[in-house]
>>> print(open('upload.pdb').read())   # PDB, C-alpha atoms
ATOM      1  CA  MET I   1       0.923  33.709  -6.512
ATOM      2  CA  ALA I   2       0.355  30.193  -7.839
ATOM      3  CA  ALA I   3       3.165  28.515  -9.721
ATOM      4  CA  LYS I   4       2.549  27.910 -13.413
ATOM      5  CA  ILE I   5       2.500  24.388 -14.751
ATOM      6  CA  ASP I   6       2.700  23.652 -18.451
ATOM      7  CA  GLU I   7      -0.074  21.785 -20.267
ATOM      8  CA  ARG I   8       2.002  18.624 -20.763
ATOM      9  CA  ARG I   9       2.618  18.218 -17.028
ATOM     10  CA  LEU I  10      -0.949  19.163 -16.169
ATOM     11  CA  ALA I  11      -2.212  16.508 -18.604
ATOM     12  CA  ALA I  12       0.120  13.957 -16.970
ATOM     13  CA  TRP I  13      -1.192  14.943 -13.529
ATOM     14  CA  ARG I  14      -4.812  14.553 -14.622
ATOM     15  CA  ALA I  15      -4.088  11.178 -16.225
ATOM     16  CA  LEU I  16      -2.340  10.021 -13.047
ATOM     17  CA  LEU I  17      -5.276  11.056 -10.835
ATOM     18  CA  ALA I  18      -7.948   9.542 -13.079
ATOM     19  CA  SER I  19      -5.984   6.327 -13.670
ATOM     20  CA  HIS I  20      -5.230   5.900  -9.981
ATOM     21  CA  ALA I  21      -8.859   6.400  -8.947
ATOM     22  CA  ALA I  22     -10.167   4.039 -11.625
ATOM     23  CA  LEU I  23      -7.532   1.382 -10.935
ATOM     24  CA  VAL I  24      -7.999   1.469  -7.163
ATOM     25  CA  GLY I  25     -11.743   1.179  -7.673
ATOM     26  CA  ARG I  26     -11.424  -1.812 -10.000
ATOM     27  CA  LEU I  27      -8.851  -3.622  -7.848
ATOM     28  CA  GLY I  28     -10.999  -3.018  -4.784
ATOM     29  CA  GLU I  29     -14.095  -4.430  -6.501
ATOM     30  CA  GLU I  30     -12.223  -7.546  -7.596
ATOM     31  CA  LEU I  31     -10.793  -8.233  -4.137
ATOM     32  CA  GLN I  32     -14.159  -7.647  -2.495
ATOM     33  CA  ASP I  33     -16.087  -9.754  -5.022
ATOM     34  CA  GLU I  34     -13.651 -12.680  -5.120
ATOM     35  CA  LYS I  35     -12.241 -12.733  -1.590
ATOM     36  CA  GLY I  36     -14.540 -10.561   0.510
ATOM     37  CA  LEU I  37     -11.559  -8.391   1.407
ATOM     38  CA  PRO I  38     -11.591  -4.601   1.077
ATOM     39  CA  LEU I  39      -8.536  -3.167  -0.691
ATOM     40  CA  PRO I  40      -7.460  -1.053   2.328
ATOM     41  CA  TRP I  41      -7.418  -4.241   4.431
ATOM     42  CA  TYR I  42      -5.279  -5.969   1.813
ATOM     43  CA  GLU I  43      -2.854  -3.048   1.879
ATOM     44  CA  VAL I  44      -2.564  -3.273   5.682
ATOM     45  CA  LEU I  45      -1.910  -7.017   5.460
ATOM     46  CA  LEU I  46       0.639  -6.466   2.698
ATOM     47  CA  TRP I  47       2.617  -3.849   4.659
ATOM     48  CA  LEU I  48       2.512  -5.931   7.838
ATOM     49  CA  GLY I  49       3.339  -9.126   5.956
ATOM     50  CA  GLN I  50       6.504  -7.515   4.609
ATOM     51  CA  ALA I  51       7.502  -5.865   7.899
ATOM     52  CA  PRO I  52      10.069  -7.436  10.230
ATOM     53  CA  GLU I  53       8.292  -9.886  12.511
ATOM     54  CA  GLY I  54       5.007  -8.886  10.835
ATOM     55  CA  ARG I  55       4.719  -5.744  12.949
ATOM     56  CA  MET I  56       4.758  -2.005  12.463
ATOM     57  CA  ARG I  57       4.221   0.957  14.743
ATOM     58  CA  MET I  58       0.742   2.354  14.226
ATOM     59  CA  GLY I  59       2.142   5.728  13.150
ATOM     60  CA  GLU I  60       4.507   4.100  10.672
ATOM     61  CA  LEU I  61       1.626   2.053   9.249
ATOM     62  CA  ALA I  62      -0.495   5.215   8.929
ATOM     63  CA  ASP I  63       2.330   6.950   7.057
ATOM     64  CA  SER I  64       2.833   3.950   4.768
ATOM     65  CA  LEU I  65      -0.875   3.826   3.925
ATOM     66  CA  LEU I  66      -1.073   7.617   3.603
ATOM     67  CA  LEU I  67      -3.755   7.708   6.296
ATOM     68  CA  THR I  68      -4.179   9.809   9.388
ATOM     69  CA  PRO I  69      -3.384   8.155  12.728
ATOM     70  CA  SER I  70      -7.099   8.086  13.569
ATOM     71  CA  GLY I  71      -7.887   6.595  10.143
ATOM     72  CA  VAL I  72      -5.456   3.725  10.621
ATOM     73  CA  THR I  73      -6.740   3.189  14.173
ATOM     74  CA  ARG I  74     -10.304   2.717  12.874
ATOM     75  CA  LEU I  75      -9.067   0.427  10.100
ATOM     76  CA  VAL I  76      -7.006  -1.724  12.478
ATOM     77  CA  ASP I  77      -9.958  -1.842  14.928
ATOM     78  CA  ARG I  78     -12.168  -3.429  12.256
ATOM     79  CA  MET I  79      -9.447  -5.842  11.140
ATOM     80  CA  GLU I  80      -8.712  -6.802  14.740
ATOM     81  CA  THR I  81     -12.387  -7.720  15.207
ATOM     82  CA  ASP I  82     -12.011 -10.105  12.240
ATOM     83  CA  GLY I  83      -8.826 -11.613  13.721
ATOM     84  CA  LEU I  84      -6.528 -10.497  10.892
ATOM     85  CA  VAL I  85      -4.339  -8.213  12.985
ATOM     86  CA  GLN I  86      -3.806  -7.486  16.629
ATOM     87  CA  ARG I  87      -2.509  -4.510  18.473
ATOM     88  CA  GLN I  88       0.392  -4.954  20.892
ATOM     89  CA  GLN I  89       2.040  -2.423  23.116
ATOM     90  CA  CYS I  90       5.476  -1.461  21.865
ATOM     91  CA  PRO I  91       8.075  -2.957  24.236
ATOM     92  CA  SER I  92      10.559  -0.117  23.682
ATOM     93  CA  ASP I  93       7.982   2.665  24.151
ATOM     94  CA  ARG I  94       5.056   1.934  26.472
ATOM     95  CA  ARG I  95       3.117   4.839  24.923
ATOM     96  CA  GLY I  96       3.305   3.322  21.446
ATOM     97  CA  TRP I  97       1.376   0.507  19.819
ATOM     98  CA  ASN I  98       2.252  -1.955  17.086
ATOM     99  CA  ALA I  99      -0.096  -3.513  14.565
ATOM    100  CA  VAL I 100       0.813  -7.185  14.126
ATOM    101  CA  ILE I 101      -0.409  -9.543  11.428
ATOM    102  CA  THR I 102      -1.952 -12.751  12.798
ATOM    103  CA  PRO I 103      -1.721 -16.230  11.259
ATOM    104  CA  ALA I 104      -5.281 -15.702   9.982
ATOM    105  CA  GLY I 105      -4.149 -12.416   8.446
ATOM    106  CA  ARG I 106      -1.217 -14.123   6.713
ATOM    107  CA  ALA I 107      -3.542 -16.793   5.354
ATOM    108  CA  ARG I 108      -5.952 -14.140   4.086
ATOM    109  CA  LEU I 109      -3.068 -12.240   2.460
ATOM    110  CA  ARG I 110      -1.834 -15.416   0.706
ATOM    111  CA  SER I 111      -5.366 -16.129  -0.517
ATOM    112  CA  ALA I 112      -5.993 -12.593  -1.812
ATOM    113  CA  ALA I 113      -2.569 -11.911  -3.333
ATOM    114  CA  PRO I 114      -3.168 -13.835  -6.604
ATOM    115  CA  VAL I 115      -6.401 -11.899  -7.214
ATOM    116  CA  HIS I 116      -4.685  -8.580  -6.565
ATOM    117  CA  MET I 117      -1.581  -9.415  -8.619
ATOM    118  CA  ARG I 118      -3.734 -10.613 -11.516
ATOM    119  CA  GLY I 119      -5.663  -7.332 -11.423
ATOM    120  CA  VAL I 120      -2.506  -5.219 -11.256
ATOM    121  CA  GLU I 121      -1.090  -7.045 -14.285
ATOM    122  CA  GLN I 122      -4.359  -7.043 -16.252
ATOM    123  CA  HIS I 123      -5.321  -3.426 -15.636
ATOM    124  CA  PHE I 124      -1.888  -1.810 -15.298
ATOM    125  CA  GLY I 125       1.223  -3.877 -15.916
ATOM    126  CA  ARG I 126       0.379  -5.110 -19.398
ATOM    127  CA  HIS I 127       0.272  -1.522 -20.625
ATOM    128  CA  LEU I 128       3.960  -0.910 -19.782
ATOM    129  CA  SER I 129       7.130  -2.065 -21.484
ATOM    130  CA  ASP I 130      10.012  -2.973 -19.179
ATOM    131  CA  GLU I 131      11.640   0.384 -19.924
ATOM    132  CA  GLU I 132       8.423   2.296 -19.230
ATOM    133  CA  ALA I 133       7.948   0.420 -15.944
ATOM    134  CA  ASP I 134      11.484   1.362 -14.882
ATOM    135  CA  LEU I 135      10.945   4.992 -15.904
ATOM    136  CA  LEU I 136       7.587   5.242 -14.129
ATOM    137  CA  THR I 137       9.051   3.671 -10.990
ATOM    138  CA  ASP I 138      11.886   6.185 -11.052
ATOM    139  CA  VAL I 139       9.697   9.233 -11.655
ATOM    140  CA  LEU I 140       7.020   8.323  -9.101
ATOM    141  CA  GLY I 141       9.731   7.313  -6.643
ATOM    142  CA  ARG I 142      11.270  10.788  -6.888
ATOM    143  CA  VAL I 143       7.868  12.399  -6.366
ATOM    144  CA  LEU I 144       7.159  10.206  -3.333
ATOM    145  CA  ASP I 145      10.626  10.823  -1.925
ATOM    146  CA  ASP I 146      10.048  14.573  -2.191
ATOM    147  CA  VAL I 147       6.596  14.500  -0.604
ATOM    148  CA  CYS I 148       6.922  11.617   1.860
ATOM    149  CA  PRO I 149      10.524  10.366   2.230
ATOM    150  CA  ASP I 150       9.758   7.905   5.049
ATOM    151  CA  THR I 151       7.150   6.116   2.948
ATOM    152  CA  ALA I 152       9.470   6.185  -0.064
ATOM    153  CA  ALA I 153      12.201   4.513   2.021
ATOM    154  CA  ARG I 154       9.800   1.831   3.328
ATOM    155  CA  LEU I 155       8.497   1.207  -0.189
ATOM    156  CA  CYS I 156      12.047   0.888  -1.502
ATOM    157  CA  THR I 157      12.905  -1.584   1.280
ATOM    158  CA  ALA I 158       9.727  -3.622   0.656
ATOM    159  CA  THR I 159      10.420  -3.683  -3.076
ATOM    160  CA  SER I 160      14.012  -4.831  -2.517
ATOM    161  CA  LYS I 161      12.800  -7.662  -0.261
ATOM    162  CA  SER I 162      10.206  -8.738  -2.833
ATOM    163  CA  LYS I 163      12.841  -8.818  -5.577
ATOM    164  CA  ALA I 164      15.176 -10.848  -3.361
ATOM    165  CA  LYS I 165      12.415 -13.417  -2.668
ATOM    166  CA  ALA I 166      11.679 -13.699  -6.384
ATOM    167  CA  ASN I 167      15.318 -14.513  -7.190
TER     168      ASN I 167
END
>>> encode(input="upload.pdb", output="C-alpha cells")
Amino acid sequence: MAAKIDERRLAAWRALLASHAALVGRLGEELQDEKGLPLPWYEVLLWLGQAPEGRMRMGELADSLLLTPSGVTRLVDRMETDGLVQRQQCPSDRRGWNAVITPAGRARLRSAAPVHMRGVEQHFGRHLSDEEADLLTDVLGRVLDDVCPDTAARLCTATSKSKAKAN
C-alpha cells in the first residue's frame, strides 16, 4: 500500500520538480548560448575542478552527477574529444579509471563560471533571504543524505572548500 502524503508536502514536491526542471533548462540555455558549453559538461568540470588534483574515479563522478556509469562514460567520451578532460587509469586499482580535468577544461570552467553564477543568482538566489537559503540548504541536504549519502558528503566537502576560498 502506498504511503499517504499530505497536500502541503505534495505541493512542495511539485514546486521543487517544476522549479528544478525550469531552472536547469534556463541555466543550460544561457551556458550554451553564451559559452557554447552544455550544462552537464559544466557540472563535470565543476566537480573535477573542486576534486583533489582535479581527478575523480569515474564511478564517484557518476554518483556525484546522479548519472549511471554508462551515462558518465558517454559524457566523458565527448568531453575528452574536446580536450576538456582525460581519462587515466587509477594507479591504486588497475581496473578503475579516473576522469581528470585538463588545463583547457580549467580555462573553460573559469570562462563559464560567471555566466552560470549570474544565472543562479538571477533565477534562484535573489528569491531567497539568507534565512531561507540556510533552511533550504538544510532541508535538501537531509533529503540528499537520506537518498544518496555519498553525494551528500561530497557536496558538503565541496561547499566547505568553496566557503574557505571565499574567506
>>> residues_around(input="upload.pdb", residues="I:Asp63", least_positions_apart="2", cutoff="12 Å", atoms="only C-alpha atoms", output="PyMOL selection string")
chain I and resi 44+47+56-61+65-72+144+147-155
>>> resolve_selection(input="upload.pdb", expression="the PyMOL selection byres ((chain I and resi 102) around 9)", output="number ranges by chain")
I: 54, 83-86, 100-101, 103-107
>>> atom_distance(input="upload.pdb", atom1="atom CA of I:Gly25", atom2="atom CA of I:Val139")
23.2 Å
>>> closest_residue(input="upload.pdb", among="I:Lys4, I:Arg9, I:Arg108, I:Arg142", to="I:Met79", atoms="all atoms listed in the file")
I:Arg108
>>> closest_residue(input="upload.pdb", among="I:Glu53, I:Glu7, I:Glu43, I:Asp146", to="I:Leu31", atoms="only C-alpha atoms")
I:Glu43
>>> atom_distance(input="upload.pdb", atom1="atom CA of I:Val76", atom2="atom CA of I:Val120")
24.4 Å
>>> atom_distance(input="upload.pdb", atom1="atom CA of I:Glu131", atom2="atom CA of I:Leu17")
22.0 Å
>>> resolve_selection(input="upload.pdb", expression="the PyMOL selection byres ((chain I and resi 27) around 8)", output="list of chain:residue names")
I:Leu23, I:Val24, I:Gly25, I:Arg26, I:Gly28, I:Glu29, I:Glu30, I:Leu31, I:Leu39, I:His116, I:Gly119, I:Val120
>>> closest_residue(input="upload.pdb", among="I:Gly125, I:Gln50, I:Ala113, I:Arg94", to="I:Thr137", atoms="all atoms listed in the file")
I:Gly125
>>> closest_residue(input="upload.pdb", among="I:Leu128, I:Val115, I:Cys90, I:Leu140", to="I:Leu16", atoms="all atoms listed in the file")
I:Leu140
>>> closest_residue(input="upload.pdb", among="I:Ala3, I:Leu45, I:Asp77, I:Phe124", to="I:Ser64", atoms="all atoms listed in the file")
I:Leu45
>>> closest_residue(input="upload.pdb", among="I:Ile5, I:Val143, I:Leu10, I:Leu48", to="I:Arg87", atoms="all atoms listed in the file")
I:Leu48
>>> decode(input="upload.pdb", residues="stretch 14-100 of chain I", atoms="C-alpha atoms", output="PDB file, in the first residue's frame")
ATOM      1  CA  ARG I  14       5.587  19.527  -7.287  1.00  0.00           C
ATOM      2  CA  ALA I  15       7.072  23.009  -6.902  1.00  0.00           C
ATOM      3  CA  LEU I  16      10.534  21.502  -6.417  1.00  0.00           C
ATOM      4  CA  LEU I  17      10.236  19.345  -9.555  1.00  0.00           C
ATOM      5  CA  ALA I  18       8.851  22.122 -11.752  1.00  0.00           C
ATOM      6  CA  SER I  19      11.324  24.720 -10.458  1.00  0.00           C
ATOM      7  CA  HIS I  20      14.275  22.382 -10.885  1.00  0.00           C
ATOM      8  CA  ALA I  21      13.327  21.466 -14.455  1.00  0.00           C
ATOM      9  CA  ALA I  22      12.712  25.087 -15.443  1.00  0.00           C
ATOM     10  CA  LEU I  23      15.880  26.355 -13.760  1.00  0.00           C
ATOM     11  CA  VAL I  24      18.108  23.651 -15.238  1.00  0.00           C
ATOM     12  CA  GLY I  25      16.646  24.389 -18.655  1.00  0.00           C
ATOM     13  CA  ARG I  26      17.259  28.131 -18.361  1.00  0.00           C
ATOM     14  CA  LEU I  27      20.785  27.771 -16.959  1.00  0.00           C
ATOM     15  CA  GLY I  28      21.611  25.280 -19.695  1.00  0.00           C
ATOM     16  CA  GLU I  29      20.349  27.633 -22.415  1.00  0.00           C
ATOM     17  CA  GLU I  30      22.396  30.522 -21.044  1.00  0.00           C
ATOM     18  CA  LEU I  31      25.612  28.498 -20.831  1.00  0.00           C
ATOM     19  CA  GLN I  32      25.094  27.080 -24.309  1.00  0.00           C
ATOM     20  CA  ASP I  33      24.186  30.442 -25.862  1.00  0.00           C
ATOM     21  CA  GLU I  34      26.953  32.467 -24.202  1.00  0.00           C
ATOM     22  CA  LYS I  35      29.781  29.946 -23.889  1.00  0.00           C
ATOM     23  CA  GLY I  36      28.872  27.034 -26.150  1.00  0.00           C
ATOM     24  CA  LEU I  37      29.049  24.730 -23.140  1.00  0.00           C
ATOM     25  CA  PRO I  38      26.274  22.287 -22.244  1.00  0.00           C
ATOM     26  CA  LEU I  39      25.241  22.380 -18.578  1.00  0.00           C
ATOM     27  CA  PRO I  40      26.162  18.705 -17.957  1.00  0.00           C
ATOM     28  CA  TRP I  41      29.688  19.470 -19.210  1.00  0.00           C
ATOM     29  CA  TYR I  42      29.906  22.441 -16.855  1.00  0.00           C
ATOM     30  CA  GLU I  43      28.842  20.218 -13.967  1.00  0.00           C
ATOM     31  CA  VAL I  44      31.567  17.679 -14.815  1.00  0.00           C
ATOM     32  CA  LEU I  45      34.173  20.449 -14.964  1.00  0.00           C
ATOM     33  CA  LEU I  46      32.910  21.894 -11.685  1.00  0.00           C
ATOM     34  CA  TRP I  47      33.123  18.568  -9.813  1.00  0.00           C
ATOM     35  CA  LEU I  48      36.552  17.798 -11.263  1.00  0.00           C
ATOM     36  CA  GLY I  49      37.772  21.347 -10.664  1.00  0.00           C
ATOM     37  CA  GLN I  50      36.933  21.013  -6.974  1.00  0.00           C
ATOM     38  CA  ALA I  51      38.314  17.477  -6.605  1.00  0.00           C
ATOM     39  CA  PRO I  52      41.793  16.822  -5.207  1.00  0.00           C
ATOM     40  CA  GLU I  53      44.295  17.025  -8.047  1.00  0.00           C
ATOM     41  CA  GLY I  54      41.371  17.654 -10.425  1.00  0.00           C
ATOM     42  CA  ARG I  55      40.529  13.955 -10.598  1.00  0.00           C
ATOM     43  CA  MET I  56      37.712  11.655  -9.602  1.00  0.00           C
ATOM     44  CA  ARG I  57      37.011   7.976 -10.094  1.00  0.00           C
ATOM     45  CA  MET I  58      34.504   7.516 -12.891  1.00  0.00           C
ATOM     46  CA  GLY I  59      32.030   5.827 -10.539  1.00  0.00           C
ATOM     47  CA  GLU I  60      32.352   8.618  -7.992  1.00  0.00           C
ATOM     48  CA  LEU I  61      31.785  11.202 -10.733  1.00  0.00           C
ATOM     49  CA  ALA I  62      28.699   9.293 -11.929  1.00  0.00           C
ATOM     50  CA  ASP I  63      27.316   9.258  -8.383  1.00  0.00           C
ATOM     51  CA  SER I  64      28.024  12.971  -7.928  1.00  0.00           C
ATOM     52  CA  LEU I  65      26.247  13.825 -11.182  1.00  0.00           C
ATOM     53  CA  LEU I  66      23.418  11.383 -10.444  1.00  0.00           C
ATOM     54  CA  LEU I  67      24.158   9.542 -13.686  1.00  0.00           C
ATOM     55  CA  THR I  68      24.604   5.893 -14.490  1.00  0.00           C
ATOM     56  CA  PRO I  69      28.168   4.666 -15.050  1.00  0.00           C
ATOM     57  CA  SER I  70      27.447   4.293 -18.772  1.00  0.00           C
ATOM     58  CA  GLY I  71      25.944   7.803 -18.873  1.00  0.00           C
ATOM     59  CA  VAL I  72      29.046   9.380 -17.367  1.00  0.00           C
ATOM     60  CA  THR I  73      31.260   7.310 -19.682  1.00  0.00           C
ATOM     61  CA  ARG I  74      29.472   8.726 -22.750  1.00  0.00           C
ATOM     62  CA  LEU I  75      29.648  12.245 -21.318  1.00  0.00           C
ATOM     63  CA  VAL I  76      33.370  11.990 -20.534  1.00  0.00           C
ATOM     64  CA  ASP I  77      33.997  10.480 -24.007  1.00  0.00           C
ATOM     65  CA  ARG I  78      32.546  13.591 -25.669  1.00  0.00           C
ATOM     66  CA  MET I  79      34.406  15.958 -23.343  1.00  0.00           C
ATOM     67  CA  GLU I  80      37.652  14.060 -23.880  1.00  0.00           C
ATOM     68  CA  THR I  81      37.273  14.549 -27.646  1.00  0.00           C
ATOM     69  CA  ASP I  82      37.081  18.312 -26.985  1.00  0.00           C
ATOM     70  CA  GLY I  83      40.185  18.184 -24.757  1.00  0.00           C
ATOM     71  CA  LEU I  84      38.410  19.287 -21.570  1.00  0.00           C
ATOM     72  CA  VAL I  85      39.008  16.094 -19.612  1.00  0.00           C
ATOM     73  CA  GLN I  86      41.076  12.982 -19.979  1.00  0.00           C
ATOM     74  CA  ARG I  87      40.731   9.517 -18.631  1.00  0.00           C
ATOM     75  CA  GLN I  88      43.628   7.988 -16.699  1.00  0.00           C
ATOM     76  CA  GLN I  89      43.954   4.553 -15.230  1.00  0.00           C
ATOM     77  CA  CYS I  90      43.709   4.597 -11.456  1.00  0.00           C
ATOM     78  CA  PRO I  91      47.176   3.859 -10.024  1.00  0.00           C
ATOM     79  CA  SER I  92      45.785   2.130  -6.923  1.00  0.00           C
ATOM     80  CA  ASP I  93      43.306  -0.048  -8.851  1.00  0.00           C
ATOM     81  CA  ARG I  94      44.270  -1.035 -12.398  1.00  0.00           C
ATOM     82  CA  ARG I  95      40.624  -1.904 -13.135  1.00  0.00           C
ATOM     83  CA  GLY I  96      39.452   1.615 -12.315  1.00  0.00           C
ATOM     84  CA  TRP I  97      39.605   4.842 -14.278  1.00  0.00           C
ATOM     85  CA  ASN I  98      39.796   8.471 -13.233  1.00  0.00           C
ATOM     86  CA  ALA I  99      38.375  11.461 -15.060  1.00  0.00           C
ATOM     87  CA  VAL I 100      40.881  14.322 -14.894  1.00  0.00           C
TER      88      VAL I 100
END
